[in-house]
$ cat run26.pdb   # PDB, C-alpha atoms and all ligand atoms
ATOM      1  CA  MET A  17       0.000   0.000   0.000
ATOM      2  CA  ARG A  18       2.698   2.508   0.999
ATOM      3  CA  ASN A  19       4.844   1.590  -1.967
ATOM      4  CA  ARG A  20       1.986   2.235  -4.393
ATOM      5  CA  LEU A  21       1.099   5.485  -2.609
ATOM      6  CA  SER A  22       4.737   6.608  -2.817
ATOM      7  CA  ARG A  23       4.528   6.399  -6.607
ATOM      8  CA  ILE A  24       1.815   9.098  -6.459
ATOM      9  CA  ILE A  25       2.727  11.239  -3.423
ATOM     10  CA  LYS A  26       6.456  11.615  -3.974
ATOM     11  CA  PRO A  27       8.449  10.857  -0.797
ATOM     12  CA  LYS A  28      11.084  13.476  -1.683
ATOM     13  CA  SER A  29       8.693  16.433  -1.416
ATOM     14  CA  GLY A  30       5.758  14.703   0.269
ATOM     15  CA  HIS A  31       3.609  16.268  -2.452
ATOM     16  CA  CYS A  32       1.930  15.362  -5.736
ATOM     17  CA  VAL A  33       0.561  16.805  -8.955
ATOM     18  CA  MET A  34      -2.102  14.506 -10.342
ATOM     19  CA  LEU A  35      -3.751  15.152 -13.701
ATOM     20  CA  ALA A  36      -7.515  14.506 -13.672
ATOM     21  CA  VAL A  37      -8.870  13.444 -17.049
ATOM     22  CA  ASP A  38     -11.828  11.327 -15.914
ATOM     23  CA  HIS A  39     -14.534  13.935 -16.606
ATOM     24  CA  GLY A  40     -16.052  11.954 -19.487
ATOM     25  CA  TYR A  41     -17.282   9.198 -17.184
ATOM     26  CA  PHE A  42     -20.489  11.123 -16.548
ATOM     27  CA  GLY A  43     -20.724  12.598 -20.047
ATOM     28  CA  ASN A  44     -18.716  15.776 -19.464
ATOM     29  CA  VAL A  45     -16.188  16.072 -22.309
ATOM     30  CA  PRO A  46     -14.807  19.612 -22.178
ATOM     31  CA  GLY A  47     -12.452  21.069 -24.819
ATOM     32  CA  GLN A  48      -9.259  19.113 -25.305
ATOM     33  CA  LEU A  49     -10.743  15.944 -23.778
ATOM     34  CA  LYS A  50     -12.599  15.438 -27.082
ATOM     35  CA  CYS A  51      -9.328  14.255 -28.662
ATOM     36  CA  PHE A  52      -8.085  12.472 -25.567
ATOM     37  CA  GLY A  53      -5.177  10.754 -27.323
ATOM     38  CA  ASP A  54      -3.663  14.156 -28.186
ATOM     39  CA  LEU A  55      -3.085  14.734 -24.462
ATOM     40  CA  ASN A  56      -0.400  12.008 -24.277
ATOM     41  CA  PRO A  57       2.551  14.496 -24.382
ATOM     42  CA  LEU A  58       1.164  16.016 -21.163
ATOM     43  CA  PHE A  59       0.985  12.776 -19.216
ATOM     44  CA  GLU A  60       4.690  12.415 -18.478
ATOM     45  CA  TYR A  61       4.602  15.688 -16.475
ATOM     46  CA  ALA A  62       2.030  14.303 -14.018
ATOM     47  CA  ASP A  63       2.815  12.317 -10.867
ATOM     48  CA  ALA A  64      -0.350  10.322 -11.599
ATOM     49  CA  LEU A  65      -3.213  10.208 -14.080
ATOM     50  CA  MET A  66      -6.775   9.942 -12.825
ATOM     51  CA  LEU A  67      -8.960   8.389 -15.487
ATOM     52  CA  THR A  68     -11.333   5.573 -16.471
ATOM     53  CA  ARG A  69     -10.337   2.145 -17.744
ATOM     54  CA  GLY A  70     -11.877   2.795 -21.163
ATOM     55  CA  MET A  71      -9.646   5.786 -21.835
ATOM     56  CA  LEU A  72      -6.632   4.046 -20.300
ATOM     57  CA  ARG A  73      -7.071   1.117 -22.681
ATOM     58  CA  SER A  74      -7.866   3.025 -25.835
ATOM     59  CA  CYS A  75      -6.046   6.365 -25.581
ATOM     60  CA  VAL A  76      -2.999   6.107 -23.289
ATOM     61  CA  ASP A  77       0.348   4.886 -24.598
ATOM     62  CA  PRO A  78       1.167   1.774 -22.497
ATOM     63  CA  ASN A  79       4.847   2.794 -22.548
ATOM     64  CA  ILE A  80       4.103   5.816 -20.364
ATOM     65  CA  ASP A  81       5.451   5.232 -16.865
ATOM     66  CA  THR A  82       2.966   7.499 -15.073
ATOM     67  CA  PRO A  83       1.057   5.870 -12.186
ATOM     68  CA  ILE A  84      -2.658   5.400 -12.724
ATOM     69  CA  VAL A  85      -5.431   6.329 -10.299
ATOM     70  CA  LEU A  86      -8.368   4.439 -11.761
ATOM     71  CA  ARG A  87     -11.919   5.711 -11.442
ATOM     72  CA  VAL A  88     -13.956   2.585 -10.769
ATOM     73  CA  SER A  89     -17.373   4.209 -10.306
ATOM     74  CA  ALA A  90     -20.107   5.182 -12.755
ATOM     75  CA  GLY A  91     -23.861   5.116 -13.023
ATOM     76  CA  ALA A  92     -25.591   8.346 -13.929
ATOM     77  CA  SER A  93     -24.803  10.919 -16.591
ATOM     78  CA  MET A  94     -24.774  14.665 -16.028
ATOM     79  CA  LEU A  95     -28.338  14.641 -17.418
ATOM     80  CA  LYS A  96     -29.558  12.744 -14.344
ATOM     81  CA  GLU A  97     -28.863  12.432 -10.605
ATOM     82  CA  LEU A  98     -25.049  12.235 -10.409
ATOM     83  CA  SER A  99     -24.977  10.764  -6.923
ATOM     84  CA  ASN A 100     -26.602   7.582  -8.229
ATOM     85  CA  GLU A 101     -23.243   5.898  -8.715
ATOM     86  CA  GLU A 102     -22.086   2.313  -8.296
ATOM     87  CA  ILE A 103     -18.794   0.468  -8.604
ATOM     88  CA  ASN A 104     -18.387  -0.657 -12.229
ATOM     89  CA  VAL A 105     -14.863  -2.138 -12.354
ATOM     90  CA  THR A 106     -13.707  -5.322 -10.647
ATOM     91  CA  ILE A 107     -10.611  -5.286  -8.479
ATOM     92  CA  GLU A 108      -9.175  -7.989 -10.742
ATOM     93  CA  ASP A 109      -9.355  -5.677 -13.747
ATOM     94  CA  ALA A 110      -7.828  -2.819 -11.741
ATOM     95  CA  ILE A 111      -4.933  -5.088 -10.763
ATOM     96  CA  ARG A 112      -4.559  -6.320 -14.360
ATOM     97  CA  LEU A 113      -4.290  -2.677 -15.455
ATOM     98  CA  ASN A 114      -1.476  -2.267 -12.905
ATOM     99  CA  VAL A 115      -3.050   0.741 -11.206
ATOM    100  CA  SER A 116      -1.478   2.518  -8.248
ATOM    101  CA  ALA A 117      -4.793   3.558  -6.651
ATOM    102  CA  ILE A 118      -8.531   3.199  -7.139
ATOM    103  CA  THR A 119     -11.084   5.963  -6.718
ATOM    104  CA  CYS A 120     -14.783   6.777  -6.519
ATOM    105  CA  SER A 121     -16.854   9.774  -5.473
ATOM    106  CA  ILE A 122     -18.829  10.264  -2.306
ATOM    107  CA  PHE A 123     -21.873  12.524  -2.344
ATOM    108  CA  VAL A 124     -22.283  13.655   1.248
ATOM    109  CA  GLY A 125     -25.742  15.202   1.580
ATOM    110  CA  GLY A 126     -26.681  13.946  -1.887
ATOM    111  CA  GLU A 127     -29.698  11.828  -2.770
ATOM    112  CA  PHE A 128     -27.646   8.613  -2.938
ATOM    113  CA  GLU A 129     -25.294   9.505  -0.106
ATOM    114  CA  LYS A 130     -25.411   6.104   1.595
ATOM    115  CA  GLN A 131     -24.851   4.208  -1.665
ATOM    116  CA  SER A 132     -21.797   6.337  -2.432
ATOM    117  CA  LEU A 133     -20.369   5.818   1.061
ATOM    118  CA  MET A 134     -20.850   2.062   0.695
ATOM    119  CA  ASN A 135     -19.082   2.272  -2.685
ATOM    120  CA  LEU A 136     -16.122   3.852  -0.928
ATOM    121  CA  SER A 137     -16.200   1.193   1.781
ATOM    122  CA  LYS A 138     -16.073  -1.503  -0.897
ATOM    123  CA  LEU A 139     -12.957   0.057  -2.409
ATOM    124  CA  VAL A 140     -11.321   0.370   0.999
ATOM    125  CA  ASN A 141     -11.995  -3.320   1.681
ATOM    126  CA  TRP A 142     -10.528  -4.300  -1.712
ATOM    127  CA  GLY A 143      -7.599  -1.991  -1.119
ATOM    128  CA  GLN A 144      -6.853  -3.582   2.238
ATOM    129  CA  GLU A 145      -6.983  -7.041   0.688
ATOM    130  CA  TYR A 146      -4.659  -6.274  -2.225
ATOM    131  CA  GLY A 147      -2.568  -3.355  -0.949
ATOM    132  CA  ILE A 148      -4.072  -0.734  -3.242
ATOM    133  CA  PRO A 149      -4.670   2.826  -1.953
ATOM    134  CA  THR A 150      -8.152   4.335  -2.241
ATOM    135  CA  LEU A 151      -8.724   7.964  -3.208
ATOM    136  CA  ALA A 152     -12.104   9.336  -2.078
ATOM    137  CA  VAL A 153     -13.457  12.252  -4.133
ATOM    138  CA  THR A 154     -15.824  14.507  -2.218
ATOM    139  CA  ALA A 155     -18.161  15.372  -5.077
ATOM    140  CA  VAL A 156     -20.268  18.480  -4.633
ATOM    141  CA  GLY A 157     -23.900  18.602  -5.754
ATOM    142  CA  ARG A 158     -25.370  21.748  -7.287
ATOM    143  CA  GLU A 159     -27.203  22.572  -4.070
ATOM    144  CA  MET A 160     -24.194  22.149  -1.766
ATOM    145  CA  VAL A 161     -22.139  25.024  -0.404
ATOM    146  CA  ARG A 162     -18.427  24.613  -0.982
ATOM    147  CA  ASP A 163     -17.295  25.929   2.382
ATOM    148  CA  ASP A 164     -14.781  24.641   4.909
ATOM    149  CA  ARG A 165     -17.519  23.260   7.141
ATOM    150  CA  TYR A 166     -19.058  21.086   4.439
ATOM    151  CA  LEU A 167     -15.838  20.072   2.686
ATOM    152  CA  GLY A 168     -14.157  19.398   6.036
ATOM    153  CA  MET A 169     -17.047  17.192   7.082
ATOM    154  CA  ALA A 170     -17.050  15.250   3.803
ATOM    155  CA  SER A 171     -13.251  14.837   3.857
ATOM    156  CA  ARG A 172     -13.296  13.668   7.459
ATOM    157  CA  MET A 173     -16.048  11.164   6.675
ATOM    158  CA  ALA A 174     -13.953   9.780   3.809
ATOM    159  CA  ALA A 175     -11.004   9.356   6.154
ATOM    160  CA  GLU A 176     -13.208   7.718   8.791
ATOM    161  CA  MET A 177     -14.404   5.229   6.133
ATOM    162  CA  GLY A 178     -10.757   4.310   5.566
ATOM    163  CA  ALA A 179      -9.806   6.270   2.437
ATOM    164  CA  THR A 180      -6.034   6.403   1.969
ATOM    165  CA  PHE A 181      -6.201   9.955   0.609
ATOM    166  CA  VAL A 182      -8.920  12.467  -0.189
ATOM    167  CA  LYS A 183      -9.657  14.804  -3.064
ATOM    168  CA  THR A 184     -11.818  17.813  -2.343
ATOM    169  CA  TYR A 185     -12.373  21.376  -3.543
ATOM    170  CA  TYR A 186     -10.404  24.374  -2.390
ATOM    171  CA  CYS A 187     -12.283  26.921  -0.273
ATOM    172  CA  PRO A 188     -11.436  29.847   2.026
ATOM    173  CA  ASN A 189     -10.114  28.730   5.431
ATOM    174  CA  PHE A 190      -8.919  25.499   3.845
ATOM    175  CA  GLU A 191      -6.779  24.754   6.909
ATOM    176  CA  ASN A 192     -10.086  23.873   8.623
ATOM    177  CA  VAL A 193     -10.451  21.060   6.063
ATOM    178  CA  THR A 194      -6.901  19.689   6.214
ATOM    179  CA  SER A 195      -6.648  19.975  10.002
ATOM    180  CA  ILE A 196      -9.568  17.647  10.670
ATOM    181  CA  CYS A 197      -8.668  15.131   7.961
ATOM    182  CA  PRO A 198      -5.962  12.716   9.155
ATOM    183  CA  VAL A 199      -5.065  11.449   5.669
ATOM    184  CA  PRO A 200      -3.443  13.432   2.807
ATOM    185  CA  VAL A 201      -5.702  15.891   0.974
ATOM    186  CA  VAL A 202      -5.402  17.009  -2.658
ATOM    187  CA  ILE A 203      -7.531  19.668  -4.302
ATOM    188  CA  ALA A 204      -9.479  19.506  -7.551
ATOM    189  CA  GLY A 205      -9.027  22.489  -9.834
ATOM    190  CA  GLY A 206     -12.676  23.067 -10.675
ATOM    191  CA  LYS A 207     -13.863  25.098 -13.674
ATOM    192  CA  LYS A 208     -11.251  26.825 -15.832
ATOM    193  CA  ILE A 209     -10.107  30.136 -14.361
ATOM    194  CA  GLU A 210      -7.255  32.488 -15.281
ATOM    195  CA  GLU A 211      -3.894  30.701 -15.100
ATOM    196  CA  ARG A 212      -2.536  33.057 -12.448
ATOM    197  CA  ASP A 213      -5.622  32.491 -10.284
ATOM    198  CA  ALA A 214      -5.266  28.701 -10.615
ATOM    199  CA  LEU A 215      -1.627  28.971  -9.554
ATOM    200  CA  GLN A 216      -2.609  31.161  -6.594
ATOM    201  CA  MET A 217      -5.246  28.591  -5.600
ATOM    202  CA  SER A 218      -2.625  25.824  -5.732
ATOM    203  CA  LYS A 219      -0.268  27.905  -3.595
ATOM    204  CA  ASN A 220      -3.000  28.679  -1.051
ATOM    205  CA  ALA A 221      -3.952  25.007  -0.835
ATOM    206  CA  ILE A 222      -0.369  23.867  -0.209
ATOM    207  CA  GLU A 223       0.108  26.557   2.429
ATOM    208  CA  ALA A 224      -3.120  25.390   4.094
ATOM    209  CA  GLY A 225      -1.865  21.800   4.354
ATOM    210  CA  ALA A 226      -2.874  20.109   1.098
ATOM    211  CA  VAL A 227      -0.291  17.613  -0.205
ATOM    212  CA  GLY A 228      -1.018  18.560  -3.794
ATOM    213  CA  VAL A 229      -3.520  18.900  -6.574
ATOM    214  CA  ASP A 230      -5.543  16.595  -8.773
ATOM    215  CA  MET A 231      -6.210  19.183 -11.447
ATOM    216  CA  GLY A 232      -7.937  18.782 -14.782
ATOM    217  CA  ARG A 233      -9.518  21.662 -16.679
ATOM    218  CA  ASN A 234      -7.143  24.328 -15.394
ATOM    219  CA  ILE A 235      -4.327  22.356 -16.993
ATOM    220  CA  PHE A 236      -5.701  20.746 -20.148
ATOM    221  CA  GLN A 237      -7.899  23.742 -21.079
ATOM    222  CA  SER A 238      -5.012  26.173 -20.714
ATOM    223  CA  ASP A 239      -3.490  27.647 -23.891
ATOM    224  CA  SER A 240      -0.285  26.018 -22.626
ATOM    225  CA  PRO A 241      -1.124  22.756 -20.840
ATOM    226  CA  ILE A 242       2.544  21.746 -20.497
ATOM    227  CA  GLY A 243       3.544  25.231 -19.298
ATOM    228  CA  MET A 244       0.712  25.141 -16.803
ATOM    229  CA  ILE A 245       1.457  21.713 -15.339
ATOM    230  CA  ARG A 246       5.157  22.610 -15.064
ATOM    231  CA  ALA A 247       4.164  25.806 -13.242
ATOM    232  CA  VAL A 248       1.883  23.940 -10.834
ATOM    233  CA  ARG A 249       4.700  21.447 -10.195
ATOM    234  CA  GLU A 250       7.059  24.261  -9.201
ATOM    235  CA  ILE A 251       4.587  25.421  -6.561
ATOM    236  CA  VAL A 252       3.666  21.984  -5.288
ATOM    237  CA  HIS A 253       7.100  20.335  -5.260
ATOM    238  CA  ASN A 254       9.560  23.225  -5.084
ATOM    239  CA  ASN A 255       7.728  25.866  -3.046
ATOM    240  CA  ALA A 256       7.893  28.398  -5.903
ATOM    241  CA  SER A 257       6.083  31.714  -5.555
ATOM    242  CA  VAL A 258       3.071  32.420  -7.754
ATOM    243  CA  ASP A 259       5.146  34.961  -9.721
ATOM    244  CA  GLU A 260       7.900  32.408 -10.356
ATOM    245  CA  ALA A 261       5.398  29.758 -11.400
ATOM    246  CA  PHE A 262       3.561  32.190 -13.686
ATOM    247  CA  GLU A 263       6.818  32.883 -15.516
ATOM    248  CA  ILE A 264       7.203  29.132 -16.115
ATOM    249  CA  TYR A 265       3.655  28.956 -17.506
ATOM    250  CA  LYS A 266       4.409  31.875 -19.845
ATOM    251  CA  GLN A 267       7.445  30.038 -21.240
ATOM    252  CA  GLY A 268       4.947  27.611 -22.787
ATOM    253  CA  PRO A 269       4.988  25.879 -25.232
ATOM    254  CA  LYS A 270       1.631  27.029 -26.649
ATOM    255  CA  GLY A 271      -0.615  24.067 -27.347
ATOM    256  CA  LEU A 272       0.546  20.504 -26.849
TER     257      LEU A 272
HETATM  258  C1  LIG A 301     -15.101  14.545 -11.097
HETATM  259  C2  LIG A 301     -13.662  14.531 -10.804
HETATM  260  C3  LIG A 301     -12.749  15.324 -11.665
HETATM  261  O1  LIG A 301     -11.605  14.578 -11.871
HETATM  262  C4  LIG A 301     -12.452  16.611 -10.962
HETATM  263  O2  LIG A 301     -13.494  17.483 -11.143
HETATM  264  C5  LIG A 301     -11.061  17.219 -11.282
HETATM  265  O3  LIG A 301     -11.032  17.944 -12.383
HETATM  266  P1  LIG A 301     -11.074  19.521 -12.417
HETATM  267  O4  LIG A 301      -9.739  20.004 -11.909
HETATM  268  O5  LIG A 301     -11.289  19.814 -13.861
HETATM  269  O6  LIG A 301     -12.187  19.987 -11.524
HETATM  270  O7  LIG A 301     -13.227  13.896  -9.899
HETATM  271  O8  LIG A 301     -15.810  14.059 -10.006
END

$ encode --input "run26.pdb" --output "structure tokens"
Amino acid sequence: MRNRLSRIIKPKSGHCVMLAVDHGYFGNVPGQLKCFGDLNPLFEYADALMLTRGMLRSCVDPNIDTPIVLRVSAGASMLKELSNEEINVTIEDAIRLNVSAITCSIFVGGEFEKQSLMNLSKLVNWGQEYGIPTLAVTAVGREMVRDDRYLGMASRMAAEMGATFVKTYYCPNFENVTSICPVPVVIAGGKKIEERDALQMSKNAIEAGAVGVDMGRNIFQSDSPIGMIRAVREIVHNNASVDEAFEIYKQGPKGL
């Protein structure tokens, strides 16, 4: 378990930059995700890729040595009730795909809250049996407030269920989230914002105790995805300032 986790959260810095490209699992295929295979040049810059088995099989070069965090949940599209999710991948297939962690979402306060928490428990039980870390994603429904009270509660619940690490959203007073969650926390990037603002958010999260990011749209929807992920890495792994990181982003290259 610790060996697999150390492939994602790098022991040297204690931090990680994961690239989230799993959005299509509920029918959300923004921008560059439409031609998923074109993103391959970006993958080597990530400490881990978070994605589904379908895209791993059909669009990711098997020679890439980037650890995989496999989304093993699905169920409802963005046209329906997203919290109605179940586990759709067997642990045997996850092992066959040589993944470094497995992941699903929990919908605390959502319509299918209990089902999603039992999904997480199933992954934790599998993970214990086979030594595979579980990442819990605290998904946020439209009606939920993304504040430190809610995200802290959801993150703590994930840790109490036995998640190895937790992905949640950044919010003001983020130290109130990390301080009550005894396992490592990474932040999602959320909707695309200005590059400088995304770098500032990453910096704020690290300073508030996050071990890293699991960022998607703010990297692959940037005009310079490689510049952006290199910039985020400088903040997360090398304690760069936002100004220093922004300079790295500006160096590009433009496009992929
Ligand atoms: C969906 C997810 C996504 O991976 C997550 O939203 C991260 O991507 P982004 O940085 O684009 O928000 O887990 O539940």

$ atom_distance --input "run26.pdb" --atom1 "CA of Phe123 (chain A)" --atom2 "CA of Met231 (chain A)"
19.3 Å

$ resolve_selection --input "run26.pdb" --expression "the PyMOL selection byres (((chain A and resi 40) around 10) and not hetatm)" --output "list in words"
Val37, Asp38, His39, Tyr41, Phe42, Gly43, Asn44, Val45, Pro46, Leu49, Lys50, Leu67, Thr68, Met71, Ser93 and Met94 of chain A

$ resolve_selection --input "run26.pdb" --expression "the PyMOL selection byres (((chain A and resi 155) around 9) and not hetatm)" --output "short mmCIF file (atom, residue, chain, number, x, y, z; two decimals) with C-alpha atoms, in the coordinates of the input"
data_model
loop_
_atom_site.label_atom_id
_atom_site.label_comp_id
_atom_site.auth_asym_id
_atom_site.auth_seq_id
_atom_site.Cartn_x
_atom_site.Cartn_y
_atom_site.Cartn_z
CA SER A 99 -24.98 10.76 -6.92
CA SER A 121 -16.85 9.77 -5.47
CA ILE A 122 -18.83 10.26 -2.31
CA PHE A 123 -21.87 12.52 -2.34
CA VAL A 124 -22.28 13.66 1.25
CA VAL A 153 -13.46 12.25 -4.13
CA THR A 154 -15.82 14.51 -2.22
CA VAL A 156 -20.27 18.48 -4.63
CA GLY A 157 -23.90 18.60 -5.75
CA ALA A 170 -17.05 15.25 3.80
CA LYS A 183 -9.66 14.80 -3.06
CA THR A 184 -11.82 17.81 -2.34
CA TYR A 185 -12.37 21.38 -3.54
#

$ closest_residue --input "run26.pdb" --among "A:Arg23, A:Arg73, A:Lys208, A:Arg172" --to "ligand LIG 301 (chain A)" --atoms "only C-alpha atoms and all ligand atoms"
A:Lys208

$ resolve_selection --input "run26.pdb" --expression "the PyMOL selection byres (((chain A and resi 194) around 12) and not hetatm)" --output "PyMOL selection string"
chain A and resi 164-165+167-172+175+181-193+195-203+221-228

$ write_last_selection --input "run26.pdb" --atoms "C-alpha atoms" --output "PDB file, keeping the file's coordinate frame"
ATOM      1  CA  ASP A 164     -14.781  24.641   4.909  1.00  0.00           C
ATOM      2  CA  ARG A 165     -17.519  23.260   7.141  1.00  0.00           C
ATOM      3  CA  LEU A 167     -15.838  20.072   2.686  1.00  0.00           C
ATOM      4  CA  GLY A 168     -14.157  19.398   6.036  1.00  0.00           C
ATOM      5  CA  MET A 169     -17.047  17.192   7.082  1.00  0.00           C
ATOM      6  CA  ALA A 170     -17.050  15.250   3.803  1.00  0.00           C
ATOM      7  CA  SER A 171     -13.251  14.837   3.857  1.00  0.00           C
ATOM      8  CA  ARG A 172     -13.296  13.668   7.459  1.00  0.00           C
ATOM      9  CA  ALA A 175     -11.004   9.356   6.154  1.00  0.00           C
ATOM     10  CA  PHE A 181      -6.201   9.955   0.609  1.00  0.00           C
ATOM     11  CA  VAL A 182      -8.920  12.467  -0.189  1.00  0.00           C
ATOM     12  CA  LYS A 183      -9.657  14.804  -3.064  1.00  0.00           C
ATOM     13  CA  THR A 184     -11.818  17.813  -2.343  1.00  0.00           C
ATOM     14  CA  TYR A 185     -12.373  21.376  -3.543  1.00  0.00           C
ATOM     15  CA  TYR A 186     -10.404  24.374  -2.390  1.00  0.00           C
ATOM     16  CA  CYS A 187     -12.283  26.921  -0.273  1.00  0.00           C
ATOM     17  CA  PRO A 188     -11.436  29.847   2.026  1.00  0.00           C
ATOM     18  CA  ASN A 189     -10.114  28.730   5.431  1.00  0.00           C
ATOM     19  CA  PHE A 190      -8.919  25.499   3.845  1.00  0.00           C
ATOM     20  CA  GLU A 191      -6.779  24.754   6.909  1.00  0.00           C
ATOM     21  CA  ASN A 192     -10.086  23.873   8.623  1.00  0.00           C
ATOM     22  CA  VAL A 193     -10.451  21.060   6.063  1.00  0.00           C
ATOM     23  CA  SER A 195      -6.648  19.975  10.002  1.00  0.00           C
ATOM     24  CA  ILE A 196      -9.568  17.647  10.670  1.00  0.00           C
ATOM     25  CA  CYS A 197      -8.668  15.131   7.961  1.00  0.00           C
ATOM     26  CA  PRO A 198      -5.962  12.716   9.155  1.00  0.00           C
ATOM     27  CA  VAL A 199      -5.065  11.449   5.669  1.00  0.00           C
ATOM     28  CA  PRO A 200      -3.443  13.432   2.807  1.00  0.00           C
ATOM     29  CA  VAL A 201      -5.702  15.891   0.974  1.00  0.00           C
ATOM     30  CA  VAL A 202      -5.402  17.009  -2.658  1.00  0.00           C
ATOM     31  CA  ILE A 203      -7.531  19.668  -4.302  1.00  0.00           C
ATOM     32  CA  ALA A 221      -3.952  25.007  -0.835  1.00  0.00           C
ATOM     33  CA  ILE A 222      -0.369  23.867  -0.209  1.00  0.00           C
ATOM     34  CA  GLU A 223       0.108  26.557   2.429  1.00  0.00           C
ATOM     35  CA  ALA A 224      -3.120  25.390   4.094  1.00  0.00           C
ATOM     36  CA  GLY A 225      -1.865  21.800   4.354  1.00  0.00           C
ATOM     37  CA  ALA A 226      -2.874  20.109   1.098  1.00  0.00           C
ATOM     38  CA  VAL A 227      -0.291  17.613  -0.205  1.00  0.00           C
ATOM     39  CA  GLY A 228      -1.018  18.560  -3.794  1.00  0.00           C
TER      40      GLY A 228
END

$ residues_around --input "run26.pdb" --residues "Ser137 (chain A)" --least-positions-apart "2" --cutoff "12 Å" --atoms "only C-alpha atoms" --output "PDB file with C-alpha atoms, keeping the file's coordinate frame"
ATOM      1  CA  GLU A 102     -22.086   2.313  -8.296  1.00  0.00           C
ATOM      2  CA  ILE A 103     -18.794   0.468  -8.604  1.00  0.00           C
ATOM      3  CA  ILE A 118      -8.531   3.199  -7.139  1.00  0.00           C
ATOM      4  CA  THR A 119     -11.084   5.963  -6.718  1.00  0.00           C
ATOM      5  CA  CYS A 120     -14.783   6.777  -6.519  1.00  0.00           C
ATOM      6  CA  SER A 121     -16.854   9.774  -5.473  1.00  0.00           C
ATOM      7  CA  ILE A 122     -18.829  10.264  -2.306  1.00  0.00           C
ATOM      8  CA  LYS A 130     -25.411   6.104   1.595  1.00  0.00           C
ATOM      9  CA  GLN A 131     -24.851   4.208  -1.665  1.00  0.00           C
ATOM     10  CA  SER A 132     -21.797   6.337  -2.432  1.00  0.00           C
ATOM     11  CA  LEU A 133     -20.369   5.818   1.061  1.00  0.00           C
ATOM     12  CA  MET A 134     -20.850   2.062   0.695  1.00  0.00           C
ATOM     13  CA  ASN A 135     -19.082   2.272  -2.685  1.00  0.00           C
ATOM     14  CA  LEU A 139     -12.957   0.057  -2.409  1.00  0.00           C
ATOM     15  CA  VAL A 140     -11.321   0.370   0.999  1.00  0.00           C
ATOM     16  CA  ASN A 141     -11.995  -3.320   1.681  1.00  0.00           C
ATOM     17  CA  TRP A 142     -10.528  -4.300  -1.712  1.00  0.00           C
ATOM     18  CA  GLY A 143      -7.599  -1.991  -1.119  1.00  0.00           C
ATOM     19  CA  GLN A 144      -6.853  -3.582   2.238  1.00  0.00           C
ATOM     20  CA  THR A 150      -8.152   4.335  -2.241  1.00  0.00           C
ATOM     21  CA  LEU A 151      -8.724   7.964  -3.208  1.00  0.00           C
ATOM     22  CA  ALA A 152     -12.104   9.336  -2.078  1.00  0.00           C
ATOM     23  CA  MET A 173     -16.048  11.164   6.675  1.00  0.00           C
ATOM     24  CA  ALA A 174     -13.953   9.780   3.809  1.00  0.00           C
ATOM     25  CA  ALA A 175     -11.004   9.356   6.154  1.00  0.00           C
ATOM     26  CA  GLU A 176     -13.208   7.718   8.791  1.00  0.00           C
ATOM     27  CA  MET A 177     -14.404   5.229   6.133  1.00  0.00           C
ATOM     28  CA  GLY A 178     -10.757   4.310   5.566  1.00  0.00           C
ATOM     29  CA  ALA A 179      -9.806   6.270   2.437  1.00  0.00           C
ATOM     30  CA  THR A 180      -6.034   6.403   1.969  1.00  0.00           C
TER      31      THR A 180
END

$ atom_distance --input "run26.pdb" --atom1 "CA of Gly268 (chain A)" --atom2 "CA of Ile242 (chain A)"
6.7 Å

$ closest_residue --input "run26.pdb" --among "A:Arg18, A:Arg158, A:His253, A:Arg233" --to "ligand LIG 301 (chain A)" --atoms "all atoms listed in the file"
A:Arg233

$ residues_around --input "run26.pdb" --residues "region 247-249 of chain A" --least-positions-apart "3" --cutoff "9 Å" --atoms "all atoms listed in the file" --output "ChimeraX atom specification"
/A:32-33,61-62,214-215,218-219,229,235,242-244,252-256,258,260-266

$ write_last_selection --input "run26.pdb" --atoms "C-alpha atoms" --output "compact mmCIF listing (two decimals), in the coordinates of the input"
# COMPACT_ATOMS: atom_id res chain seq x y z
CA CYS A 32 1.93 15.36 -5.74
CA VAL A 33 0.56 16.80 -8.96
CA TYR A 61 4.60 15.69 -16.48
CA ALA A 62 2.03 14.30 -14.02
CA ALA A 214 -5.27 28.70 -10.62
CA LEU A 215 -1.63 28.97 -9.55
CA SER A 218 -2.62 25.82 -5.73
CA LYS A 219 -0.27 27.90 -3.60
CA VAL A 229 -3.52 18.90 -6.57
CA ILE A 235 -4.33 22.36 -16.99
CA ILE A 242 2.54 21.75 -20.50
CA GLY A 243 3.54 25.23 -19.30
CA MET A 244 0.71 25.14 -16.80
CA VAL A 252 3.67 21.98 -5.29
CA HIS A 253 7.10 20.34 -5.26
CA ASN A 254 9.56 23.22 -5.08
CA ASN A 255 7.73 25.87 -3.05
CA ALA A 256 7.89 28.40 -5.90
CA VAL A 258 3.07 32.42 -7.75
CA GLU A 260 7.90 32.41 -10.36
CA ALA A 261 5.40 29.76 -11.40
CA PHE A 262 3.56 32.19 -13.69
CA GLU A 263 6.82 32.88 -15.52
CA ILE A 264 7.20 29.13 -16.11
CA TYR A 265 3.66 28.96 -17.51
CA LYS A 266 4.41 31.88 -19.84

$ axis_aligned_box --input "run26.pdb" --around "region 64-81 of chain A" --padding-each-side "4 Å" --output "lines of an AutoDock Vina configuration file"
center_x = -3.2
center_y = 5.7
center_z = -18.7
size_x = 25.3
size_y = 17.2
size_z = 22.2

$ atom_distance --input "run26.pdb" --atom1 "atom O7 of ligand LIG 301 (chain A)" --atom2 "CA of Pro269 (chain A)"
26.7 Å

$ closest_residue --input "run26.pdb" --among "A:Thr106, A:Asn234, A:Thr82, A:Ser89" --to "ligand LIG 301 (chain A)" --atoms "only C-alpha atoms and all ligand atoms"
A:Asn234

$ closest_residue --input "run26.pdb" --among "A:Met66, A:Ile84, A:Leu21, A:Ala92" --to "ligand LIG 301 (chain A)" --atoms "only C-alpha atoms and all ligand atoms"
A:Met66

$ closest_residue --input "run26.pdb" --among "A:Pro78, A:Gly206, A:Pro57, A:Gly125" --to "Tyr166 (chain A)" --atoms "all atoms listed in the file"
A:Gly125
